[in-house]
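A quick write-up on the structure given underneath.
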Amino acid sequence: MTDIAIVGAGYVGLPLAQVFADAGRSVVLVDVSQERVDRILRGESYIEDVPSETLQRLVSNGLTASTDYDVLRDADSILIALPTPLSKQREPDLSIVLSATERIAPRLHKGHLVVLESTTYPGTTREQLQPILERSGLTAGKDFYLAFSPERVDPGRTDWTTKNVPKVVGGLTPACTERAAELYRSAIDTVHSVSSPEAAELTKLLENIFRSVNIALVNELAQLCDRMGIDVWEVVGAAASKPFGFMSFQPGPGLGGHCIPIDPFYLTWKAREYDFYTEFIELAGKVNENMPYYCRSLISQALNHGARKSLSGSKVLILGVAYKADIGDMRESPALKILQLIQNAGADVSYHDQHVPELPEFGLRPVPMEPDAYDCIAIVTAHSTIDYEDLVDRAHVVVDFRNATGKKGRESEKVWKL
Ligand SMILES: NC(=O)c1ccc[n+]([C@@H]2O[C@H](COP(=O)([O-])OP(=O)(O)OC[C@H]3O[C@@H](n4cnc5c(N)ncnc54)[C@H](O)[C@@H]3O)[C@@H](O)[C@H]2O)c1
């Protein structure tokens with residue numbers, strides 16, 4: 001018997017497996033990708049939060065992986081950590097989660113605990129998963145336990161990890177909640193129980209909508225600050241000195257990652273069923289989605305005024321293309337949009353990012369850091385390994401969307417800041 005099977009060995013599944021394995025629980029990861037399964041079994045990590053040395057230790061202590069859903073039969077608990085993207089029409093696409101649930105149902109047995117960890121709209125666990133799982137002939141809340149528990153991992157972060165971020169849990173019945181809470185308590189420091197899967201589902205969306213709306217607010221302010229000649233970074237930094245009633249959010253080139261640009265629209269879609277329009281979400285989406293276009297105009301202005309050149313024909317280096325600092329995750333990265341926009345405008349674009357070995361959609365590979373070889377360097381993602389002071393010294397024109405160049409950038413005539 002295995003304690004826990006985790007379906008989906010990605011950014012969420014692999015660190016979750018580590019936390020349970022570290023707590024002495026037996027864990028099997030189930031993934032459709034044979035390549036990923038083989039890599040896990042070889043102790044070769046593809047997720048930066050779980051170093052290969054850690055994975056090797058866990059695998060030698062019994063952590064295992066498989067593409068075969070039959071391993072679920074021998075597990076006490078099944079956690080689902082599968083992608084929940086949006087369709088081309090920006091509607092929830094639950095196809096991956098639901099097809100996996102269809103494969104779980106025939107393997108379900110009495111006493112099983114099933115927990116959905118994927119971010120989704122309120123009602124998914126009860127309205128979508130429960131009926132599929134009950135095709136097994138077993139009844140949720142009676143024969144097996146069903147709950148939702150959102151994953152809150154922030155990839156690349158070391159202070160708050162899967163282990164010490166409190167875990168919110170909401171089950172179909174109090175017994176379902178308790179069974180899931182008990183499982184998480186065995187490995188995670190704090191568990192916060194709520195009364196239903198819907199409350200747990202909406203908790204995760206509230207957290208991400210909160211970020212999206214507040215980022216949009218400072219992004220809007222950044223554009224006004226540009227017209228007013230005020231440094232938005234100075235203002236945000238000063239406001240952050242207030243010890244209560246203010247939470248600091250940074251402006252930037254747009255939203256990235258698998259969560260913030262996508263998850264809020266899960267709620268927008270569901271709200272329509274209740275004749276409700278989630279206007280904050282739409283407005284934030286509009287402001288944030290416009291940022292790459294605004295960044296294009298800043299690059300163009302910087303080239304005009306700083307180098308007397310037009311964007312068309314200029315050599316532009318995009319510095320940092322991952323969606324956030326110090327990781328290689330490219331999902332929804334605003335750098336891709338900026339790259340496409342300035343390439344369409346006729347710029348000769350290159351990129352430098354030690355975490356991203358290629359951008360196949362542009363046929364690009366990273367170039368070495370030679371700041372003086374470009375008409376303009378646009379800092380889109382501020383990886384901590386770059387010496388930004390040196391960059392300002394050596395570059396012709398710098399456009400800094402992250403305040404990476406700090407005080408030096410503020411004082412240099414070569415640097416244009418968001
Ligand atoms: N990445 C994050 O930072 C983060 C944070 C919090 C919540 N979430 C949520 O967690 C969920 C999972 O996201 P992720 O980032 O781990 O995704 P991911 O793409 O990194 O990993 C998903 C894994 O599932 C596998 N897979 C796909 N279809 C499968 C199937 N039918 N059966 C078994 N395996 C299958 C893939 O091969 C992949 O390894 C999403 O709902 C996401 O919104 C993600």
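Please note that chains go A, B, ... in the order of the structure tokens, that every chain numbers its residues from 1, and that ligands are numbered from 1 in the order shown.
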
Tell me which protein, DNA and RNA residues are within 7 Å of Ala180 in chain A, counting only C-alpha atoms, leaving out same-chain ones fewer than 4 positions away, and put them as a PyMOL selection string. chain A and resi 147+169+176+184

Write the residues you've just listed into a file as an mmCIF file, in the first residue's frame, and include C-alpha atoms for each of them.
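Result saved to again-v4.cif:
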data_model
loop_
_atom_site.group_PDB
_atom_site.id
_atom_site.type_symbol
_atom_site.label_atom_id
_atom_site.label_comp_id
_atom_site.auth_asym_id
_atom_site.auth_seq_id
_atom_site.Cartn_x
_atom_site.Cartn_y
_atom_site.Cartn_z
ATOM 1 C CA ALA A 147 -12.426 17.573 -0.771
ATOM 2 C CA VAL A 169 -9.213 22.481 3.107
ATOM 3 C CA CYS A 176 -14.390 14.650 4.291
ATOM 4 C CA TYR A 184 -2.236 17.498 5.285
#

List all protein, DNA and RNA residues that have any atom at most 7 Å from ligand 1, counting only C-alpha atoms and all ligand atoms, and write the list as a VMD selection string. chain A and resid 7 to 13 30 to 33 36 81 to 84 96 to 97 99 to 100 117 to 120 150 to 155 258 to 259 263

Saved selection, atoms kept: N, CA and C atoms, as a tab-separated table (two decimals), in the first residue's frame:
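Output saved as out.tsv:
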chain	number	residue	atom	x	y	z
A	7	VAL	N	-1.59	12.90	-8.68
A	7	VAL	CA	-1.77	12.85	-10.13
A	7	VAL	C	-1.37	14.20	-10.70
A	8	GLY	N	-0.30	14.21	-11.51
A	8	GLY	CA	0.26	15.45	-12.05
A	8	GLY	C	1.55	15.79	-11.32
A	9	ALA	N	2.67	15.59	-12.00
A	9	ALA	CA	3.98	15.80	-11.36
A	9	ALA	C	4.62	17.07	-11.89
A	10	GLY	N	3.93	18.20	-11.72
A	10	GLY	CA	4.44	19.47	-12.23
A	10	GLY	C	4.89	20.39	-11.12
A	11	TYR	N	4.72	21.69	-11.34
A	11	TYR	CA	5.15	22.70	-10.37
A	11	TYR	C	4.49	22.50	-9.02
A	12	VAL	N	3.26	21.98	-9.01
A	12	VAL	CA	2.55	21.75	-7.76
A	12	VAL	C	2.80	20.34	-7.26
A	13	GLY	N	2.65	19.35	-8.13
A	13	GLY	CA	2.71	17.95	-7.71
A	13	GLY	C	4.05	17.54	-7.15
A	30	VAL	N	1.81	10.19	-10.37
A	30	VAL	CA	1.27	9.64	-11.61
A	30	VAL	C	1.26	10.76	-12.64
A	31	ASP	N	1.91	10.52	-13.78
A	31	ASP	CA	1.95	11.55	-14.80
A	31	ASP	C	1.82	10.92	-16.18
A	32	VAL	N	1.15	11.61	-17.11
A	32	VAL	CA	1.04	11.07	-18.48
A	32	VAL	C	2.37	11.08	-19.21
A	33	SER	N	3.26	11.94	-18.77
A	33	SER	CA	4.53	12.07	-19.49
A	33	SER	C	5.52	11.01	-19.05
A	36	ARG	N	8.79	12.55	-18.00
A	36	ARG	CA	8.83	13.07	-16.62
A	36	ARG	C	8.98	11.95	-15.61
A	81	ALA	N	-3.31	17.26	-9.03
A	81	ALA	CA	-2.60	18.54	-9.25
A	81	ALA	C	-2.35	18.71	-10.75
A	82	LEU	N	-3.44	18.86	-11.48
A	82	LEU	CA	-3.37	18.92	-12.94
A	82	LEU	C	-3.67	20.33	-13.45
A	83	PRO	N	-3.22	20.66	-14.65
A	83	PRO	CA	-3.44	22.01	-15.16
A	83	PRO	C	-4.91	22.34	-15.39
A	84	THR	N	-5.26	23.60	-15.13
A	84	THR	CA	-6.61	24.11	-15.39
A	84	THR	C	-6.47	25.40	-16.21
A	96	ILE	N	-8.56	18.38	-18.82
A	96	ILE	CA	-7.48	17.52	-18.29
A	96	ILE	C	-7.92	16.92	-16.94
A	97	VAL	N	-8.46	17.79	-16.08
A	97	VAL	CA	-8.88	17.32	-14.74
A	97	VAL	C	-10.01	16.29	-14.88
A	99	SER	N	-10.86	14.37	-17.51
A	99	SER	CA	-10.49	13.09	-18.11
A	99	SER	C	-9.67	12.26	-17.12
A	100	ALA	N	-8.86	12.93	-16.30
A	100	ALA	CA	-8.12	12.18	-15.26
A	100	ALA	C	-9.10	11.61	-14.24
A	117	GLU	N	-6.58	19.69	-6.10
A	117	GLU	CA	-5.71	20.82	-5.71
A	117	GLU	C	-5.66	21.88	-6.81
A	118	SER	N	-6.14	21.54	-8.01
A	118	SER	CA	-6.05	22.48	-9.13
A	118	SER	C	-6.95	23.69	-8.89
A	119	THR	N	-6.46	24.86	-9.28
A	119	THR	CA	-7.26	26.07	-9.13
A	119	THR	C	-8.46	26.02	-10.07
A	120	THR	N	-9.63	26.35	-9.53
A	120	THR	CA	-10.83	26.27	-10.38
A	120	THR	C	-11.98	27.07	-9.77
A	150	PRO	N	-6.79	24.14	-2.16
A	150	PRO	CA	-6.00	24.87	-3.17
A	150	PRO	C	-4.52	24.85	-2.87
A	151	GLU	N	-3.74	24.82	-3.94
A	151	GLU	CA	-2.29	24.88	-3.80
A	151	GLU	C	-1.88	26.35	-3.87
A	152	ARG	N	-1.01	26.76	-2.95
A	152	ARG	CA	-0.64	28.18	-2.90
A	152	ARG	C	0.85	28.39	-3.15
A	153	VAL	N	1.52	27.36	-3.69
A	153	VAL	CA	2.97	27.46	-3.86
A	153	VAL	C	3.33	28.65	-4.77
A	154	ASP	N	4.42	29.31	-4.43
A	154	ASP	CA	4.93	30.42	-5.24
A	154	ASP	C	6.30	29.97	-5.72
A	155	PRO	N	6.38	29.43	-6.96
A	155	PRO	CA	7.63	28.83	-7.42
A	155	PRO	C	8.83	29.77	-7.26
A	258	HIS	N	1.14	30.81	-14.57
A	258	HIS	CA	-0.02	29.97	-14.84
A	258	HIS	C	-1.25	30.43	-14.05
A	259	CYS	N	-1.06	31.33	-13.06
A	259	CYS	CA	-2.17	31.61	-12.14
A	259	CYS	C	-2.84	32.96	-12.38
A	263	ASP	N	-6.58	32.50	-13.63
A	263	ASP	CA	-7.55	32.07	-12.63
A	263	ASP	C	-8.74	33.03	-12.44

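Comparing the minimum interatomic distances between Glu273 in chain A and each of A:Gly123, A:Leu116, A:Glu178, A:Val37, counting only C-alpha atoms, we find that A:Gly123 sits nearest.
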
Which residues are close to Ser26 in chain A, i.e. within 10 Å by only C-alpha atoms, leaving aside same-chain residues fewer than 3 positions away? Reply as number ranges by chain. A: 1-5, 17, 20-23, 58, 61-64, 75

Residue subset to file, keeping N, CA, C and O atoms, as a compact mmCIF listing (two decimals), in the first residue's frame:
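Here's the written file out.txt:
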# COMPACT_ATOMS: atom_id res chain seq x y z
N MET A 1 0.85 -1.22 0.00
CA MET A 1 0.00 0.00 0.00
C MET A 1 0.87 1.26 0.00
O MET A 1 1.94 1.28 0.60
N THR A 2 0.37 2.30 -0.68
CA THR A 2 1.05 3.60 -0.68
C THR A 2 0.14 4.56 0.07
O THR A 2 -1.08 4.46 0.00
N ASP A 3 0.75 5.52 0.79
CA ASP A 3 -0.08 6.49 1.50
C ASP A 3 -0.79 7.44 0.53
O ASP A 3 -1.97 7.69 0.63
N ILE A 4 0.02 8.01 -0.39
CA ILE A 4 -0.51 9.10 -1.21
C ILE A 4 -0.10 8.93 -2.67
O ILE A 4 1.08 8.73 -2.97
N ALA A 5 -1.09 9.08 -3.56
CA ALA A 5 -0.80 9.16 -4.99
C ALA A 5 -1.09 10.59 -5.42
O ALA A 5 -2.16 11.13 -5.09
N ALA A 17 4.84 16.25 -3.39
CA ALA A 17 5.37 14.90 -3.15
C ALA A 17 6.57 14.98 -2.21
O ALA A 17 6.71 14.15 -1.30
N PHE A 20 5.40 15.49 1.49
CA PHE A 20 4.87 14.27 2.10
C PHE A 20 5.98 13.22 2.30
O PHE A 20 6.04 12.55 3.34
N ALA A 21 6.85 13.08 1.31
CA ALA A 21 7.93 12.10 1.42
C ALA A 21 8.86 12.47 2.57
O ALA A 21 9.29 11.61 3.35
N ASP A 22 9.15 13.77 2.70
CA ASP A 22 10.01 14.23 3.80
C ASP A 22 9.38 13.94 5.16
O ASP A 22 10.08 13.78 6.16
N ALA A 23 8.04 13.90 5.18
CA ALA A 23 7.35 13.62 6.45
C ALA A 23 7.24 12.11 6.70
O ALA A 23 6.52 11.68 7.61
N LEU A 58 15.04 11.32 -2.10
CA LEU A 58 13.66 10.86 -1.90
C LEU A 58 13.40 9.56 -2.65
O LEU A 58 12.75 8.64 -2.14
N ASN A 61 14.80 6.70 -1.02
CA ASN A 61 14.02 6.35 0.19
C ASN A 61 12.62 5.83 -0.14
O ASN A 61 11.79 5.66 0.74
N GLY A 62 12.31 5.70 -1.45
CA GLY A 62 11.04 5.05 -1.80
C GLY A 62 10.06 5.87 -2.61
O GLY A 62 9.04 5.33 -3.06
N LEU A 63 10.31 7.18 -2.80
CA LEU A 63 9.39 7.96 -3.66
C LEU A 63 9.43 7.35 -5.05
O LEU A 63 10.50 7.04 -5.57
N THR A 64 8.25 7.19 -5.65
CA THR A 64 8.25 6.56 -6.96
C THR A 64 7.27 7.28 -7.90
O THR A 64 6.56 8.20 -7.48
N ALA A 75 -3.32 3.14 -3.26
CA ALA A 75 -3.02 4.34 -2.47
C ALA A 75 -4.20 4.65 -1.55
O ALA A 75 -5.36 4.44 -1.92

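Within range 10-163 of chain A, DSSP run on the backbone puts these residues in strand (DSSP E or B): Val27, Val28, Leu29, Val30, Thr64, Ala65, Ser66, Ala75, Asp76, Ser77, Ile78, Leu79, Ile80, Leu86, Pro92, Leu113, Val114, Val115, Leu116, Ala140, Phe144, Tyr145, Leu146, Ala147 and Phe148 of chain A.
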
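For the pair CA of Gly252 in chain A and CA of Ile215 in chain A, the interatomic distance is 8.1 Å.
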
Residues at most 10 Å from Phe210 in chain A, counting only C-alpha atoms, excluding those fewer than 6 positions away in the same chain, as a PDB file with C-alpha atoms, in the first residue's frame?
ATOM      1  CA  LYS A 204      -7.852  30.543  -3.939  1.00  0.00           C
ATOM      2  CA  ALA A 216      -3.493  46.657 -12.183  1.00  0.00           C
ATOM      3  CA  ILE A 260      -2.767  35.367 -12.007  1.00  0.00           C
ATOM      4  CA  PRO A 264      -9.665  35.237 -12.149  1.00  0.00           C
ATOM      5  CA  PHE A 280     -13.004  44.428 -11.012  1.00  0.00           C
ATOM      6  CA  ILE A 281     -11.618  41.284 -12.658  1.00  0.00           C
ATOM      7  CA  ALA A 284      -7.769  44.569 -13.963  1.00  0.00           C
TER       8      ALA A 284
END

Please return, as a PyMOL selection string, all residues of range 147-192 of chain A that DSSP assigns to alpha helix (DSSP H) on the basis of the backbone. chain A and resi 174-185
